[in-house]
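Here the structure is laid out as structure tokens; the discussion comes afterwards.
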Amino acid sequence: MLKRIEALRYESACAADTEHLGELVAPALADGDILVLTGGLGVGKTHFTKGVSRGLGDEHPVTSPTFALMAVHDGGRIPLFHFDLYRLEHAYELEDTGIFDVLGYEGACLLEWGEQFQDELCDEYLSVVISRDADDENKRTVVLKPYGARAEELARQIDKAVKDDAE
Ligand SMILES: Nc1ncnc2c1ncn2[C@@H]1O[C@H](COP(=O)(O)OP(=O)(O)OP(=O)(O)O)[C@@H](O)[C@H]1O
Ligand SMILES: [Mg+2]
């Protein structure tokens with residue numbers, strides 16, 4: 001069960017919970033929205049993205065675009081651009097990923113490992129911080145941190161969706 005601990009802070013007990021959170025996020029998303037998914041290796045960023053894609057109505061499987069750097073899921077309500085910037089070492093390599101063609105304009109962009117290039121990428125975004133729990137290997141805490149007015153609105157809508165879902 002996905003739990004709302006307090007405003008903008010949730011507890012996920014398993015991968016399905018993290019996907020479910022992604023599903024609850026999807027209806028709030030609009031063209032131009034940017035979510036920066038932050039957390040260490042294997043914390044659940046791709047599972048969260050799977051849920052968002054499903055919530056937008058795209059039935060295709062989501063895998064980690066570590067080698068492709070970008071995957072587009074355009075079978076849903078709005079396009080979803082999924083970036084995994086783990087392998088990038090320098091900010092100048094961003095140009096080749098095509099990220100600047102879409103970021104902040106078209107569809108919703110979800111970025112894994114984007115925080116390392118935050119200054120080059122965007123000022124306004126919703127940070128989704130996922131962290132592990134010391135005692136339970138499947139437990140995750142997810143915290144939403146909005147930067148900018150649109151991100152604040154998005155966070156508010158997501159929080160309401162999680163709250164309503166729990167009732
Ligand atoms: N509560 C949870 N939420 C998400 N994943 C979980 C949870 N509990 C266990 N897992 C497991 O953790 C792993 C998360 O994998 P995932 O690919 O989503 O991570 P990631 O953050 O995208 O990793 P990477 O940084 O390598 O891209 C999966 O094996 C999943 O089954
Ligand atoms: Mg991943």
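Identifiers for the structure tokens are assigned positionally: chains receive A, B, ... in sequence, residues are indexed from 1 per chain, and ligands are indexed from 1 in the order shown.
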Would you name the residues within 8 Å of ligand 2, counting only C-alpha atoms and all ligand atoms, and put them as a PDB file with all heavy atoms, in the first residue's frame?
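The new file result.pdb reads:
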ATOM      1  N   LEU A  41      21.325   4.139  -7.590  1.00  0.00           N
ATOM      2  CA  LEU A  41      21.115   3.002  -8.491  1.00  0.00           C
ATOM      3  C   LEU A  41      20.049   2.056  -7.948  1.00  0.00           C
ATOM      4  O   LEU A  41      20.090   1.692  -6.775  1.00  0.00           O
ATOM      5  CB  LEU A  41      22.413   2.205  -8.633  1.00  0.00           C
ATOM      6  CG  LEU A  41      23.452   2.688  -9.631  1.00  0.00           C
ATOM      7  CD1 LEU A  41      24.740   1.899  -9.450  1.00  0.00           C
ATOM      8  CD2 LEU A  41      22.941   2.555 -11.056  1.00  0.00           C
ATOM      9  N   GLY A  42      19.113   1.681  -8.794  1.00  0.00           N
ATOM     10  CA  GLY A  42      18.123   0.682  -8.423  1.00  0.00           C
ATOM     11  C   GLY A  42      17.125   1.117  -7.366  1.00  0.00           C
ATOM     12  O   GLY A  42      16.472   0.290  -6.738  1.00  0.00           O
ATOM     13  N   GLY A  44      14.342   2.836  -7.901  1.00  0.00           N
ATOM     14  CA  GLY A  44      12.970   2.720  -8.404  1.00  0.00           C
ATOM     15  C   GLY A  44      12.539   3.795  -9.389  1.00  0.00           C
ATOM     16  O   GLY A  44      11.346   3.934  -9.677  1.00  0.00           O
ATOM     17  N   LYS A  45      13.475   4.525  -9.964  1.00  0.00           N
ATOM     18  CA  LYS A  45      13.139   5.614 -10.890  1.00  0.00           C
ATOM     19  C   LYS A  45      12.441   5.084 -12.148  1.00  0.00           C
ATOM     20  O   LYS A  45      11.480   5.674 -12.635  1.00  0.00           O
ATOM     21  CB  LYS A  45      14.411   6.388 -11.285  1.00  0.00           C
ATOM     22  CG  LYS A  45      15.145   6.980 -10.088  1.00  0.00           C
ATOM     23  CD  LYS A  45      16.420   7.714 -10.471  1.00  0.00           C
ATOM     24  CE  LYS A  45      17.521   6.841 -11.008  1.00  0.00           C
ATOM     25  NZ  LYS A  45      18.066   5.883 -10.018  1.00  0.00           N
ATOM     26  N   THR A  46      12.931   3.951 -12.647  1.00  0.00           N
ATOM     27  CA  THR A  46      12.323   3.392 -13.858  1.00  0.00           C
ATOM     28  C   THR A  46      10.945   2.802 -13.542  1.00  0.00           C
ATOM     29  O   THR A  46      10.011   2.922 -14.344  1.00  0.00           O
ATOM     30  CB  THR A  46      13.268   2.363 -14.515  1.00  0.00           C
ATOM     31  OG1 THR A  46      14.481   3.040 -14.872  1.00  0.00           O
ATOM     32  CG2 THR A  46      12.657   1.763 -15.766  1.00  0.00           C
ATOM     33  N   HIS A  47      10.793   2.203 -12.372  1.00  0.00           N
ATOM     34  CA  HIS A  47       9.467   1.694 -11.991  1.00  0.00           C
ATOM     35  C   HIS A  47       8.456   2.835 -11.887  1.00  0.00           C
ATOM     36  O   HIS A  47       7.299   2.694 -12.309  1.00  0.00           O
ATOM     37  CB  HIS A  47       9.532   0.905 -10.677  1.00  0.00           C
ATOM     38  CG  HIS A  47       9.879  -0.524 -10.901  1.00  0.00           C
ATOM     39  ND1 HIS A  47      11.166  -0.939 -11.175  1.00  0.00           N
ATOM     40  CD2 HIS A  47       9.107  -1.633 -10.938  1.00  0.00           C
ATOM     41  CE1 HIS A  47      11.158  -2.249 -11.362  1.00  0.00           C
ATOM     42  NE2 HIS A  47       9.920  -2.692 -11.214  1.00  0.00           N
ATOM     43  N   THR A  63      11.328   0.327 -20.447  1.00  0.00           N
ATOM     44  CA  THR A  63      12.581  -0.226 -19.951  1.00  0.00           C
ATOM     45  C   THR A  63      13.531   0.938 -19.730  1.00  0.00           C
ATOM     46  O   THR A  63      13.245   2.059 -20.127  1.00  0.00           O
ATOM     47  CB  THR A  63      13.200  -1.221 -20.951  1.00  0.00           C
ATOM     48  OG1 THR A  63      13.274  -0.563 -22.218  1.00  0.00           O
ATOM     49  CG2 THR A  63      12.371  -2.475 -21.061  1.00  0.00           C
ATOM     50  N   SER A  64      14.635   0.658 -19.106  1.00  0.00           N
ATOM     51  CA  SER A  64      15.568   1.735 -18.822  1.00  0.00           C
ATOM     52  C   SER A  64      16.305   2.133 -20.100  1.00  0.00           C
ATOM     53  O   SER A  64      16.922   1.298 -20.744  1.00  0.00           O
ATOM     54  CB  SER A  64      16.559   1.248 -17.773  1.00  0.00           C
ATOM     55  OG  SER A  64      17.448   2.289 -17.496  1.00  0.00           O
ATOM     56  N   PRO A  65      16.222   3.427 -20.488  1.00  0.00           N
ATOM     57  CA  PRO A  65      16.903   3.822 -21.726  1.00  0.00           C
ATOM     58  C   PRO A  65      18.372   4.163 -21.495  1.00  0.00           C
ATOM     59  O   PRO A  65      18.891   5.115 -22.037  1.00  0.00           O
ATOM     60  CB  PRO A  65      16.104   5.056 -22.167  1.00  0.00           C
ATOM     61  CG  PRO A  65      15.614   5.651 -20.907  1.00  0.00           C
ATOM     62  CD  PRO A  65      15.491   4.532 -19.896  1.00  0.00           C
ATOM     63  N   THR A  66      19.052   3.351 -20.664  1.00  0.00           N
ATOM     64  CA  THR A  66      20.441   3.659 -20.305  1.00  0.00           C
ATOM     65  C   THR A  66      21.328   3.754 -21.545  1.00  0.00           C
ATOM     66  O   THR A  66      22.174   4.630 -21.648  1.00  0.00           O
ATOM     67  CB  THR A  66      20.994   2.606 -19.332  1.00  0.00           C
ATOM     68  OG1 THR A  66      20.164   2.627 -18.187  1.00  0.00           O
ATOM     69  CG2 THR A  66      22.411   2.934 -18.894  1.00  0.00           C
ATOM     70  N   ASP A  84      17.579   8.859 -19.527  1.00  0.00           N
ATOM     71  CA  ASP A  84      18.460   8.303 -18.513  1.00  0.00           C
ATOM     72  C   ASP A  84      19.860   8.825 -18.828  1.00  0.00           C
ATOM     73  O   ASP A  84      20.499   8.382 -19.783  1.00  0.00           O
ATOM     74  CB  ASP A  84      18.418   6.772 -18.559  1.00  0.00           C
ATOM     75  CG  ASP A  84      19.236   6.154 -17.431  1.00  0.00           C
ATOM     76  OD1 ASP A  84      20.162   6.823 -16.929  1.00  0.00           O
ATOM     77  OD2 ASP A  84      18.961   5.004 -17.053  1.00  0.00           O
ATOM     78  N   GLU A 112      16.052  10.600 -15.476  1.00  0.00           N
ATOM     79  CA  GLU A 112      16.836   9.867 -14.488  1.00  0.00           C
ATOM     80  C   GLU A 112      18.259  10.403 -14.575  1.00  0.00           C
ATOM     81  O   GLU A 112      18.771  10.624 -15.657  1.00  0.00           O
ATOM     82  CB  GLU A 112      16.836   8.359 -14.794  1.00  0.00           C
ATOM     83  CG  GLU A 112      15.454   7.752 -14.691  1.00  0.00           C
ATOM     84  CD  GLU A 112      15.453   6.219 -14.695  1.00  0.00           C
ATOM     85  OE1 GLU A 112      16.410   5.615 -14.169  1.00  0.00           O
ATOM     86  OE2 GLU A 112      14.497   5.648 -15.228  1.00  0.00           O
TER      87      GLU A 112
END
Applying 8 Å and only C-alpha atoms, which residues near region 115-120 of chain A remain after dropping the ones on its own chain fewer than 6 positions away? List them as JSON, numbers by chain.
{"A": [36, 38, 91]}
Requested write-out: N, CA and C atoms of the selected residues, as a short mmCIF file (atom, residue, chain, number, x, y, z; two decimals), in the first residue's frame:
data_model
loop_
_atom_site.label_atom_id
_atom_site.label_comp_id
_atom_site.auth_asym_id
_atom_site.auth_seq_id
_atom_site.Cartn_x
_atom_site.Cartn_y
_atom_site.Cartn_z
N VAL A 36 12.38 15.55 -12.37
CA VAL A 36 13.75 15.05 -12.20
C VAL A 36 13.70 13.97 -11.12
N THR A 38 15.32 11.53 -8.69
CA THR A 38 16.61 11.49 -8.01
C THR A 38 16.66 10.36 -6.99
N ALA A 91 28.52 17.90 -19.73
CA ALA A 91 27.30 18.62 -20.11
C ALA A 91 27.21 18.84 -21.61
#
If we count only C-alpha atoms and set the cut-off at 12 Å, which residues sit around His60 (chain A), ignoring sequence neighbours fewer than 3 positions away in its own chain? Please answer as an MDAnalysis selection string.
chainID A and resid 50:57 63 71:76 80
Nearby polymer residues, ligand 1, at most 10 Å, only C-alpha atoms and all ligand atoms, as a PyMOL selection string
chain A and resi 1-2+11-21+37-50+62-66+84-86+112-113+130-133+136-142
Check region 49-96 of chain A with DSSP on the backbone and list each residue it calls alpha helix (DSSP H), as a PyMOL selection string.
chain A and resi 49-56+94-96
Just list the residues in region 88-161 of chain A DSSP gives strand (DSSP E) on the backbone, as an MDAnalysis selection string.
chainID A and resid 108:112 125:132 140:147
Pick from A:His90, A:Lys145, A:Asp33, A:Arg4 nearest to Asp164 (chain A), counting only C-alpha atoms
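Nearest to Asp164 (chain A): A:Arg4.
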Ala149 (chain A): which residues within 10 Å, counting only C-alpha atoms, same-chain residues fewer than 6 positions away excluded, as a ChimeraX atom specification?
/A:124-125,155
Selection from above, N, CA, C and O atoms, as a PDB file, in the first residue's frame, can you write it?
ATOM      1  N   GLU A 124      13.089  25.279 -13.537  1.00  0.00           N
ATOM      2  CA  GLU A 124      11.784  24.977 -12.952  1.00  0.00           C
ATOM      3  C   GLU A 124      11.425  23.535 -13.262  1.00  0.00           C
ATOM      4  O   GLU A 124      11.356  23.142 -14.429  1.00  0.00           O
ATOM      5  N   TYR A 125      11.205  22.761 -12.219  1.00  0.00           N
ATOM      6  CA  TYR A 125      10.927  21.335 -12.387  1.00  0.00           C
ATOM      7  C   TYR A 125      10.433  20.780 -11.064  1.00  0.00           C
ATOM      8  O   TYR A 125      10.585  21.408 -10.018  1.00  0.00           O
ATOM      9  N   ALA A 155       2.738  19.534  -7.827  1.00  0.00           N
ATOM     10  CA  ALA A 155       2.933  18.825  -6.564  1.00  0.00           C
ATOM     11  C   ALA A 155       1.633  18.824  -5.759  1.00  0.00           C
ATOM     12  O   ALA A 155       1.263  17.811  -5.157  1.00  0.00           O
TER      13      ALA A 155
END
Check the smallest atom-to-atom distance from each of A:Ala166, A:Leu24, A:Ile34, A:Ile158 to Leu103 (chain A) using only C-alpha atoms, then report the winner.
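Of all the options, A:Ile34 lies closest to Leu103 (chain A).
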Rank A:Leu69, A:Tyr10, A:Lys3, A:Pro27 by their smallest atom-to-atom distance to Val143 (chain A), using only C-alpha atoms, and report the top residue only.
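Of the candidates, the smallest distance to Val143 (chain A) is held by A:Tyr10.
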